[in-house]
Every structure is written in C-alpha cells, then in structure tokens.
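**Student:** I'm passing along structure-v2.txt; it holds compact mmCIF, C-alpha atoms.
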# COMPACT_ATOMS: atom_id res chain seq x y z
CA MET A 1 67.95 67.68 -228.23
CA GLN A 2 68.98 71.26 -228.52
CA SER A 3 68.89 71.92 -232.25
CA GLY A 4 69.41 70.25 -235.60
CA ILE A 5 69.50 66.55 -236.35
CA ILE A 6 71.90 64.38 -234.43
CA GLU A 7 73.23 61.81 -236.85
CA THR A 8 76.16 60.00 -235.40
CA GLU A 9 76.87 58.37 -232.10
CA GLN A 10 79.63 60.89 -231.58
CA ASP A 11 77.05 63.70 -231.85
CA LEU A 12 74.86 61.92 -229.32
CA ILE A 13 77.76 61.59 -226.93
CA ILE A 14 78.72 65.26 -227.25
CA HIS A 15 75.12 66.31 -226.62
CA ALA A 16 74.73 63.93 -223.70
CA GLN A 17 77.97 65.29 -222.23
CA LYS A 18 76.32 68.70 -222.29
CA GLY A 19 73.37 67.33 -220.35
CA ASP A 20 71.00 66.66 -223.24
CA GLN A 21 68.57 64.05 -221.93
CA LYS A 22 67.17 63.14 -225.34
CA ALA A 23 70.65 62.36 -226.63
CA PHE A 24 71.26 60.27 -223.54
CA LYS A 25 67.96 58.46 -224.07
CA GLU A 26 69.01 57.62 -227.60
CA LEU A 27 72.33 56.26 -226.37
CA VAL A 28 70.49 54.14 -223.82
CA HIS A 29 68.16 52.91 -226.53
CA GLN A 30 71.09 51.87 -228.71
CA HIS A 31 73.15 50.13 -226.06
CA LEU A 32 70.73 48.85 -223.42
CA PRO A 33 69.99 45.48 -225.12
CA ASN A 34 73.68 44.58 -225.27
CA VAL A 35 74.30 45.71 -221.72
CA LEU A 36 71.34 43.60 -220.57
CA ALA A 37 72.50 40.59 -222.57
CA LEU A 38 76.01 40.76 -221.18
CA GLY A 39 74.61 41.20 -217.67
CA PHE A 40 72.24 38.26 -218.00
CA ARG A 41 74.93 35.96 -219.31
CA MET A 42 77.35 36.94 -216.61
CA LEU A 43 74.91 37.04 -213.70
CA ASN A 44 72.50 34.24 -214.71
CA ASN A 45 69.56 36.21 -213.46
CA ALA A 46 67.19 38.43 -215.43
CA SER A 47 66.20 40.80 -212.65
CA GLU A 48 69.75 41.19 -211.45
CA ALA A 49 70.79 41.93 -215.02
CA GLU A 50 68.10 44.64 -215.18
CA ASP A 51 69.28 46.10 -211.93
CA MET A 52 72.88 46.09 -213.09
CA ALA A 53 71.95 47.63 -216.45
CA GLN A 54 70.15 50.47 -214.68
CA ASP A 55 73.22 51.06 -212.52
CA VAL A 56 75.46 51.09 -215.56
CA MET A 57 73.26 53.51 -217.47
CA LEU A 58 72.93 55.80 -214.50
CA SER A 59 76.67 55.72 -214.07
CA LEU A 60 76.97 56.49 -217.78
CA TRP A 61 74.80 59.57 -217.36
CA GLN A 62 76.80 60.77 -214.38
CA ASN A 63 80.21 60.06 -215.89
CA ILE A 64 79.77 60.57 -219.59
CA SER A 65 81.89 63.72 -219.40
CA LYS A 66 84.83 61.45 -218.54
CA TYR A 67 84.52 59.55 -221.80
CA ASP A 68 87.41 60.26 -224.13
CA ALA A 69 86.76 59.23 -227.73
CA GLY A 70 90.49 59.21 -228.40
CA LYS A 71 91.09 56.40 -225.95
CA ALA A 72 88.40 53.83 -226.80
CA LYS A 73 85.24 53.28 -228.79
CA PHE A 74 82.16 54.32 -226.86
CA SER A 75 80.73 50.79 -226.88
CA THR A 76 84.05 49.37 -225.65
CA TRP A 77 84.09 51.89 -222.81
CA LEU A 78 80.50 51.10 -221.91
CA TYR A 79 81.03 47.32 -222.01
CA ARG A 80 84.11 47.73 -219.85
CA ILE A 81 81.94 49.47 -217.23
CA THR A 82 79.33 46.73 -217.62
CA ALA A 83 81.86 43.91 -217.34
CA ASN A 84 83.39 45.45 -214.24
CA ARG A 85 79.97 45.90 -212.64
CA CYS A 86 79.16 42.26 -213.36
CA LEU A 87 82.44 41.06 -211.90
CA ASP A 88 81.84 43.21 -208.80
CA ARG A 89 78.42 41.64 -208.35
CA ILE A 90 79.73 38.12 -208.90
CA ARG A 91 82.46 38.69 -206.30
CA LYS A 92 79.94 40.01 -203.78
CA LYS A 93 77.68 37.00 -204.22
CA THR A 94 77.69 34.39 -201.52
CA PRO A 95 76.46 30.89 -202.39
CA GLU A 96 73.12 31.67 -200.71
CA GLN A 97 72.61 34.64 -203.01
CA LEU A 98 72.84 32.61 -206.20
CA PRO A 99 69.87 33.12 -208.53
CA GLU A 100 66.67 32.33 -206.66
CA ASP A 101 64.35 32.01 -209.62
CA TYR A 102 66.78 30.10 -211.81
CA ASP A 103 65.78 26.53 -212.42
CA PRO A 104 67.98 24.60 -214.84
CA VAL A 105 65.25 22.00 -215.35
CA ILE A 106 62.82 24.62 -216.63
CA GLU A 107 65.58 26.11 -218.73
CA ALA A 108 66.30 22.75 -220.30
CA GLU A 109 62.67 22.25 -221.21
CA GLN A 110 62.78 25.35 -223.34
CA LEU A 111 65.51 24.06 -225.55
CA ASP A 112 63.28 22.55 -228.22
CA ASN A 113 64.92 19.14 -228.16
CA LEU A 114 68.19 20.54 -229.37
CA TYR A 115 70.01 18.73 -226.62
CA ASN A 116 69.05 16.84 -223.54
CA LYS A 117 68.45 18.12 -220.04
CA GLN A 118 71.44 16.36 -218.63
CA LEU A 119 73.84 18.17 -220.91
CA SER A 120 72.08 21.46 -220.27
CA LYS A 121 72.44 21.01 -216.56
CA GLN A 122 76.03 19.90 -216.92
CA MET A 123 76.80 22.84 -219.18
CA GLU A 124 75.23 25.29 -216.79
CA THR A 125 77.17 23.89 -213.86
CA THR A 126 80.41 23.83 -215.81
CA LEU A 127 79.97 27.39 -217.04
CA GLN A 128 79.48 28.52 -213.47
CA THR A 129 82.69 26.86 -212.39
CA LEU A 130 84.79 28.64 -214.98
CA PRO A 131 87.06 31.32 -213.56
CA GLU A 132 85.33 34.69 -213.96
CA ARG A 133 87.75 36.13 -216.53
CA GLN A 134 87.56 33.00 -218.69
CA TYR A 135 83.79 33.21 -218.53
CA LEU A 136 83.79 36.93 -219.31
CA ALA A 137 86.02 36.35 -222.34
CA LEU A 138 83.70 33.58 -223.54
CA VAL A 139 80.59 35.71 -223.08
CA LEU A 140 82.08 38.74 -224.83
CA PHE A 141 83.48 36.73 -227.72
CA HIS A 142 80.98 33.96 -228.21
CA TYR A 143 77.69 35.47 -227.06
CA GLN A 144 78.21 39.18 -227.60
CA GLY A 145 80.09 38.65 -230.86
CA HIS A 146 82.91 41.08 -230.15
CA ARG A 147 86.14 40.79 -232.09
CA MET A 148 89.23 39.57 -230.29
CA THR A 149 90.74 43.06 -230.18
CA GLU A 150 87.52 44.51 -228.74
CA VAL A 151 87.38 41.85 -226.06
CA ALA A 152 90.99 42.67 -225.21
CA GLU A 153 90.14 46.36 -224.92
CA ILE A 154 87.09 45.72 -222.77
CA MET A 155 89.03 43.39 -220.51
CA GLU A 156 92.07 45.67 -220.54
CA CYS A 157 94.52 42.98 -221.55
CA SER A 158 96.29 41.78 -224.70
CA SER A 159 94.63 39.80 -227.48
CA GLU A 160 96.98 36.93 -226.69
CA ALA A 161 95.73 36.88 -223.12
CA VAL A 162 92.14 36.73 -224.37
CA GLU A 163 93.04 33.88 -226.74
CA SER A 164 94.52 32.01 -223.85
CA LEU A 165 91.46 32.63 -221.65
CA LEU A 166 89.13 31.45 -224.42
CA ALA A 167 91.18 28.36 -225.17
CA ARG A 168 91.30 27.39 -221.52
CA ALA A 169 87.56 27.96 -221.11
CA ARG A 170 86.67 25.86 -224.14
CA ARG A 171 89.09 23.10 -223.17
CA THR A 172 87.57 22.92 -219.71
CA LEU A 173 84.08 22.74 -221.19
CA LYS A 174 85.11 20.05 -223.67
CA GLN A 175 86.79 18.05 -220.95
CA LYS A 176 83.91 18.28 -218.49
CA LEU A 177 81.26 17.63 -221.09
CA GLY A 178 83.27 14.82 -222.66
CA PRO A 179 81.19 11.87 -221.46
CA LEU A 180 78.01 13.51 -222.71
CA TRP A 181 79.18 14.30 -226.23
CA GLN A 182 77.69 11.25 -227.86
CA GLU A 183 74.32 11.86 -226.27
CA PHE A 184 74.39 15.48 -227.29
CA LYS A 185 75.48 14.56 -230.79
CA ASN A 186 72.46 12.30 -231.16
CA ASN A 187 70.10 14.92 -229.85
CA SER A 188 71.42 17.94 -231.69
CA SER A 189 69.94 18.95 -234.98
CA PRO A 190 71.51 16.79 -237.72
CA ASN A 191 70.64 19.29 -240.44
CA GLN A 192 72.36 22.08 -238.62
CA GLN A 193 75.47 19.94 -238.07
CA GLU A 194 75.59 18.84 -241.66
CA GLN A 195 75.13 22.38 -242.90
CA ASN A 196 77.98 23.63 -240.72
CA ARG A 197 80.28 20.84 -241.84
CA MET A 198 79.54 21.45 -245.48
CA GLU A 199 80.43 25.08 -244.99
CA VAL A 200 83.75 24.17 -243.41
CA LEU A 201 84.79 21.25 -245.63
CA MET B 1 106.25 9.37 -249.02
CA THR B 2 105.85 12.83 -250.49
CA ASN B 3 103.04 14.77 -248.95
CA ASN B 4 101.39 17.76 -250.53
CA LEU B 5 100.55 19.06 -247.02
CA ASP B 6 104.21 19.62 -246.25
CA HIS B 7 104.25 23.20 -247.44
CA LEU B 8 101.25 24.14 -245.28
CA THR B 9 101.80 25.88 -241.98
CA MET B 10 98.60 24.31 -240.68
CA ASN B 11 98.51 20.95 -238.96
CA GLU B 12 96.11 19.07 -236.68
CA LYS B 13 97.55 20.55 -233.53
CA LYS B 14 97.38 24.11 -234.77
CA LEU B 15 93.87 23.52 -236.05
CA GLU B 16 92.79 22.24 -232.65
CA GLN B 17 94.32 25.25 -230.93
CA LEU B 18 92.50 27.61 -233.26
CA LEU B 19 89.21 25.78 -232.77
CA ASP B 20 89.73 26.02 -229.02
CA VAL B 21 90.05 29.77 -229.24
CA TYR B 22 87.57 30.72 -231.93
CA GLY B 23 85.18 27.82 -232.15
CA ALA B 24 84.20 26.14 -235.40
CA ASP B 25 82.76 29.25 -237.01
CA LEU B 26 85.49 30.31 -239.43
CA SER B 27 83.88 33.71 -239.91
CA LYS B 28 84.94 34.53 -236.35
CA MET B 29 88.57 33.81 -237.13
CA PRO B 30 90.99 36.42 -238.39
CA ASP B 31 91.57 36.09 -242.12
CA PRO B 32 95.00 34.44 -242.28
CA PHE B 33 93.86 31.62 -239.98
CA ALA B 34 90.53 31.06 -241.70
CA LYS B 35 92.28 30.99 -245.07
CA GLU B 36 94.93 28.58 -243.84
CA ILE B 37 92.31 26.25 -242.41
CA LYS B 38 90.25 26.30 -245.60
CA GLU B 39 93.33 25.49 -247.66
CA PHE B 40 94.33 22.74 -245.25
CA LEU B 41 90.87 21.15 -245.31
CA GLN B 42 90.75 21.35 -249.07
CA LYS B 43 94.09 19.57 -249.37
CA ILE B 44 92.98 16.90 -246.92
CA GLN B 45 89.83 16.39 -248.95
CA GLU B 46 91.80 16.12 -252.17
CA GLY B 47 94.24 13.73 -250.51
CA ALA B 48 91.42 11.51 -249.31
CA ASN B 49 89.90 11.44 -252.78
CA GLN B 50 93.07 10.77 -254.72
CA GLY B 51 95.92 9.93 -252.36
CA PHE B 52 98.65 12.49 -251.89
CA ASP B 53 100.25 13.23 -255.22
CA GLY B 54 97.65 10.95 -256.75
CA GLU B 55 100.00 7.98 -256.37
CA LYS B 56 99.70 5.56 -253.52
CA GLU B 57 96.74 3.87 -251.95
CA SER B 58 98.37 4.05 -248.50
CA SER B 59 98.59 7.81 -248.86
CA ALA B 60 94.89 7.94 -249.59
CA ASN B 61 94.21 5.85 -246.52
CA GLN B 62 96.38 8.10 -244.42
CA ALA B 63 94.59 11.15 -245.74
CA SER B 64 91.25 9.54 -244.95
CA THR B 65 92.34 8.85 -241.38
CA GLN B 66 93.56 12.42 -241.07
CA LYS B 67 90.30 13.67 -242.51
CA GLU B 68 88.37 11.67 -239.93
CA LYS B 69 90.45 13.07 -237.10
CA ILE B 70 89.97 16.59 -238.37
CA SER B 71 86.25 16.07 -238.88
CA GLU B 72 86.06 14.92 -235.27
CA LEU B 73 87.91 18.00 -234.07
CA ILE B 74 85.59 20.25 -236.03
CA GLU B 75 82.53 18.35 -234.92
CA LYS B 76 83.50 18.71 -231.27
CA ALA B 77 84.04 22.43 -231.73
CA GLU B 78 80.66 22.72 -233.48
CA LEU B 79 78.89 20.82 -230.75
CA LEU B 80 80.40 23.04 -228.14
CA ASP B 81 79.34 26.11 -230.10
CA GLN B 82 75.80 24.75 -230.30
CA ALA B 83 75.70 23.85 -226.64
CA LEU B 84 76.83 27.36 -225.81
CA ASP B 85 74.37 28.93 -228.25
CA HIS B 86 71.39 27.18 -226.77
CA GLN B 87 72.48 27.46 -223.20
CA LYS B 88 71.54 31.01 -222.65
CA GLN B 89 68.40 32.18 -224.34
CA LEU B 90 67.81 35.77 -223.43
CA PRO B 91 64.66 36.75 -221.56
CA LYS B 92 62.24 39.14 -223.20
CA TRP B 93 62.68 42.43 -221.45
CA ASP B 94 60.34 45.37 -221.68
CA ILE B 95 63.08 47.61 -223.02
CA GLU B 96 60.83 50.65 -223.32
CA ALA B 97 59.79 50.48 -219.68
CA LEU B 98 63.38 49.96 -218.61
CA GLU B 99 64.50 52.94 -220.65
CA GLY B 100 61.81 55.02 -218.97
CA GLN B 101 63.01 53.95 -215.52
CA ILE B 102 66.61 54.72 -216.40
CA LEU B 103 65.75 58.16 -217.71
CA ALA B 104 63.66 58.93 -214.62
CA LYS B 105 66.58 57.93 -212.40
CA ALA B 106 68.98 59.96 -214.52
CA VAL B 107 66.79 63.05 -214.20
CA ALA B 108 66.51 62.50 -210.45
CA SER B 109 70.24 62.03 -210.17
CA GLU B 110 70.82 65.31 -212.00
CA GLN B 111 68.57 67.07 -209.50
CA THR B 112 70.40 65.40 -206.63
CA SER B 113 73.75 66.56 -207.88
CA THR B 114 72.47 70.17 -208.20
CA ALA B 115 71.16 69.98 -204.65
CA ASP B 116 74.56 68.72 -203.57
CA VAL B 117 76.26 71.76 -204.99
CA ILE B 118 73.87 74.08 -203.10
CA SER B 119 74.25 72.26 -199.83
CA PHE B 120 78.01 72.24 -200.29
CA ASP B 121 77.96 76.03 -200.57
CA GLU B 122 75.72 76.22 -197.53
CA ARG B 123 78.05 73.95 -195.62
CA LYS B 124 80.99 76.12 -196.63
CA THR B 125 79.24 79.23 -195.24
CA THR B 126 78.39 77.40 -192.02
CA ILE B 127 81.98 76.26 -191.62
CA GLU B 128 83.22 79.83 -192.17
CA LYS B 129 80.73 81.14 -189.59
CA ASN B 130 81.63 78.52 -187.03
CA LYS B 131 85.38 78.83 -187.45
CA PRO B 132 86.90 78.23 -183.99
CA SER B 133 88.65 81.06 -182.14
CA ALA B 134 92.36 81.06 -181.24
CA ILE B 135 91.57 79.64 -177.77
CA ASP B 136 89.51 76.90 -179.33
CA ASN B 137 92.40 76.12 -181.60
CA LYS B 138 94.67 75.65 -178.60
CA SER B 139 92.30 73.22 -176.95
CA SER B 140 91.85 71.51 -180.25
CA GLY B 141 95.61 70.97 -180.40
CA LYS B 142 95.53 69.40 -176.98
CA SER B 143 92.76 67.04 -177.94
CA GLU B 144 94.77 66.11 -181.03
CA PHE B 145 97.65 65.16 -178.76
CA PHE B 146 95.38 62.92 -176.74
CA THR B 147 94.02 61.36 -179.86
CA MET B 148 97.55 60.62 -181.04
CA LYS B 149 98.45 59.22 -177.67
CA SER B 150 95.48 56.90 -177.54
CA THR B 151 96.05 55.86 -181.14
CA GLY B 152 99.65 55.01 -180.21
CA LEU B 153 98.48 52.95 -177.26
CA ILE B 154 95.97 51.08 -179.36
CA ALA B 155 98.60 50.41 -182.02
CA ALA B 156 101.07 49.17 -179.43
CA SER B 157 98.47 46.86 -177.89
CA LEU B 158 97.53 45.53 -181.29
CA LEU B 159 101.18 44.90 -182.16
CA ALA B 160 101.76 43.10 -178.88
CA GLY B 161 98.59 41.11 -179.45
CA LEU B 162 99.70 40.15 -182.90
CA LEU B 163 103.12 39.09 -181.68
CA ILE B 164 101.58 36.99 -178.94
CA GLY B 165 99.00 35.59 -181.32
CA SER B 166 101.51 34.63 -183.96
CA PHE B 167 103.88 33.05 -181.46
CA GLY B 168 100.88 31.37 -179.93
CA GLY B 169 100.37 29.73 -183.30
CA LEU B 170 104.03 28.80 -183.35
CA ASP B 171 103.67 27.35 -179.89
CA HIS B 172 100.85 25.18 -181.18
CA LEU B 173 102.98 24.17 -184.13
CA LEU B 174 105.91 23.25 -181.90
CA TYR B 175 103.63 21.23 -179.73
CA GLU B 176 102.16 19.49 -182.74
CA GLU B 177 105.58 18.70 -184.08
CA GLY B 178 106.38 16.84 -180.89
CA THR B 179 108.60 19.35 -179.14
CA THR B 180 108.15 19.08 -175.39
CA LEU B 181 105.48 21.20 -173.82
CA ILE B 182 108.02 22.60 -171.36
CA ALA B 183 110.17 23.92 -174.18
CA SER B 184 107.29 25.59 -175.93
CA ASN B 185 106.00 27.05 -172.66
CA SER B 186 109.33 28.59 -171.82
CA PHE B 187 109.45 30.02 -175.30
CA MET B 188 106.01 31.52 -174.79
CA ASP B 189 107.17 33.04 -171.48
CA ASP B 190 109.91 34.87 -173.34
CA VAL B 191 107.45 36.12 -175.91
CA LEU B 192 105.00 37.29 -173.27
CA TYR B 193 107.81 39.04 -171.43
CA LEU B 194 108.96 40.75 -174.61
CA GLY B 195 105.40 41.76 -175.40
CA THR B 196 104.86 43.21 -171.93
CA GLU B 197 108.19 45.01 -171.99
CA TYR B 198 107.35 46.48 -175.36
CA SER B 199 103.95 47.65 -174.17
CA LEU B 200 105.46 49.21 -171.02
CA GLU B 201 108.15 50.99 -172.99
CA THR B 202 105.57 52.32 -175.41
CA ALA B 203 103.34 53.46 -172.58
CA ASP B 204 106.31 55.22 -170.91
CA PHE B 205 107.19 56.90 -174.13
CA LEU B 206 103.66 58.08 -174.63
CA ASN B 207 103.37 59.32 -171.06
CA ASN B 208 106.50 61.40 -171.45
Turn this file's structure into structure tokens for me.

**Tutor:**
Amino acid sequence: MQSGIIETEQDLIIHAQKGDQKAFKELVHQHLPNVLALGFRMLNNASEAEDMAQDVMLSLWQNISKYDAGKAKFSTWLYRITANRCLDRIRKKTPEQLPEDYDPVIEAEQLDNLYNKQLSKQMETTLQTLPERQYLALVLFHYQGHRMTEVAEIMECSSEAVESLLARARRTLKQKLGPLWQEFKNNSSPNQQEQNRMEVL
Amino acid sequence: MTNNLDHLTMNEKKLEQLLDVYGADLSKMPDPFAKEIKEFLQKIQEGANQGFDGEKESSANQASTQKEKISELIEKAELLDQALDHQKQLPKWDIEALEGQILAKAVASEQTSTADVISFDERKTTIEKNKPSAIDNKSSGKSEFFTMKSTGLIAASLLAGLLIGSFGGLDHLLYEEGTTLIASNSFMDDVLYLGTEYSLETADFLNN
C-alpha cells in the first residue's frame, strides 16, 4: 500500500482502483472464501469453483475501476459477477461435463449419520434439477446467508421475485423429498430438532 | 365459537408460505413476519392449554389439532433446512495458495495490458506508414463492390434456400396430413419456380 493505514473496505477499493496490489490482495483475502463457497454450491465441483474464483478475482482486478460505490455494495457487486460467472459455466456444461470427481455415495458417507444416503442422493439430484435462478436464490439466501434485499440486488430483480423463486424451490424440494421425510426424520438429530422447536414454540 | 386468533393476521396458509420462503429459522425472517409468527404460535399454545377464551373443551381440541398441523409445517421446514445444511459441506481449500495464484495472475495481467498499450501504439504507427495511396483506394473501392455483390448473392441464395426448406417442411406436413402427393408436388413446383425466379432477378440486379 502506498502510505498510511488502510482501515475500511472503501479505502481498500480506492487503493486497488489506483493499482495498489496490496489493497487488492486484502480485498481478495476478505472475499475469496465467499466467492469459493458460492461457486462450489452452484457448480458442485471444488476445482471448477477454484477456477471460477480465480477468473472472478482476476476480472475484479481488471475492472475494479468500473465499480461505483453509489450503485451497490462492493460485496453485492462482486457476488453478482460471481453468480453470473457460475450461471455462464452451468449453461456451457453439457451432461458429459458434469463433475467428474463428484460421487454422491462418498458425500453421503461424510454426513455423520445426520440423514441417510438415500435422502442425500435424492436431495442432490433434486437440487440439480431446480431451475438455475431458483437454485441461485436458494444458495445465496440459505447457504450464503444474504438478506432478501441483497439477494435481489445480486440477482438484479425485486425482493418479491426472489421470494417467489425461493418458495418455488423449497416447494419442489419438499414435494420431491416427500416420501423420504419419515426416514429422514428418524435419522436426523433429535436433539437438534427439539432445540429448534423449543426456540420456535 | 369465539376465537382469540381472529384478530391475528397470521393463519396456517400464511405461515406455510412464509416457511416456504424463509425456512424455519425465524431469525432469517424480516421482523414483522417473525413477530407475527411468534404471536400466532403463542396464541395457539395458549389455546391448546386452556381452550380459546378458556371456555370450551372443543375449542381446546381444535387448538390442539391446529397446533399439531402447525408443528408439522414447522417440522417439515426444519427438516428441509437441515437437509440443505448438510448437503453441501465445503471443501477445505488452501486459501493462501489460491490467493498467491490470483495475485500472480493479476500482476501478469497488468503487464499484459501495458504491453497491449505499447503494441497498439506500434500498430497505429504501422497503419499510418502503410496508408494506401489514392490509386490503392480506388482499387479498394472496386474490391468493396465485389464483396458487396458476392454478399448479395450469398444472401439471395440463402433466402431462396430457406424458402425452399420451409416449404419443403410444409410439403412434408401436407403429405402427413393426408393431402394427395400430386397436390403437394405441384405446390412445391410453384415454390421452386418462385425461388428460381427470385434468384435470377437478384442475380440480374447484381450484374447490372
């Protein structure tokens, strides 16, 4: 960094816009985990997520001068780029190019008996059949923990549209997983369920 | 029967809709909804314990049934949340190494863009140096004409091809629908004639 202590993200952005590599590195450090997480959840493949994250960060470096703080939060802008990159990659994928190293059976074994393999497999399949925007909304809201308004900004649509996407996604999942609920219920952690219910009721 | 839930804006259907959007975690819901749901659940609980208005046994039974239904809705939403939570455990990335790679690429990309600027300037000089003379310009104009002519011919052929192709499809359709083969053939003759005529006219126009 050129001089002084950079305290806020806004400072980092301004310095990075001027070509300061250390400021850029700090921005990467702050946002890379979330970009990777979003990529992994959207693309279902760790190495592809890495590849995509590198693309996004490189694009960030090359286009950071275009960022306008008045229009959107930096993270929103960055996640919008990430989401669009993910959607581009998903659209380019042919069935043969689906994750090579992904094995739902192995995945299921890592779930510490929280639910059975059948449900895991079913869930994975069902998630992959969701329309891409429904899935993106679900990933941003449920996994990435963004607020509804942030999701709407990232996806460049209204909050109502996001609500509708989420509702449709969850209804589809509920419907498709319906026959397996009882099994899942028996296999999921009773303590966790009880704790959640006590909090709600 | 008087019901102390009447004044609430919340009901089972609305609750289900909200759970469908936000999941069972009330902390993810905007405040008015979360508050409404809490109040609704509290009233249901009270109703199940005492009967609405603390009067009738049937009211208490009704409240218990309602409580069961609501518990089921919430339970389903919770199970879905859990299934989603455990579905995608993130891999452990070597973030530091990745950051290093990204920075190295960024530095390289900066150098590339500088090189681009230099080569652009060089190209500009080369273009200036190699600017064609007036005679060259004339010949260039001629070649442009030929290019336009051939482009026109290609476009005309494509258009004719498309017309023939689409009517060919129609011919197939007519045949499929049971129209006599003779009828569809004569129709095709007309189309082919029109297509040829169009191509000839276009060619004449381009030649002139």

**Student:** To one decimal place, how far is CA of Pro32 (chain B) from CA of Gln175 (chain A) in Å?

**Tutor:**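 Computing it gives 28.1 Å between the two atoms.
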
**Student:** Rank nothing, just name the residue among A:Ile154, A:Ala23, A:Ala137, A:Leu32 nearest to Tyr79 (chain A), using only C-alpha atoms.

**Tutor:**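 Looking at the shortest contact to Tyr79 (chain A), the residue is A:Ile154.
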
**Student:** What separation in Å, quoted to one decimal, exists between CA of Glu153 (chain A) and CA of Thr76 (chain A)?

**Tutor:**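 Interatomic distance, CA of Glu153 (chain A) to CA of Thr76 (chain A): 6.8 Å.
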
**Student:** Just need the residues of chain B within 10 Å of chain A, counting all atoms listed in the file, so spit them out as a VMD selection string.

**Tutor:** chain B and resid 16 to 26 28 to 30 34 37 to 42 44 to 45 67 71 74 to 93 95 to 96 98 to 107 109 to 110 113

**Student:** Can you work out the spacing between CA of Glu48 (chain A) and CA of Thr149 (chain A) in Å, to one decimal?

**Tutor:** 28.2 Å
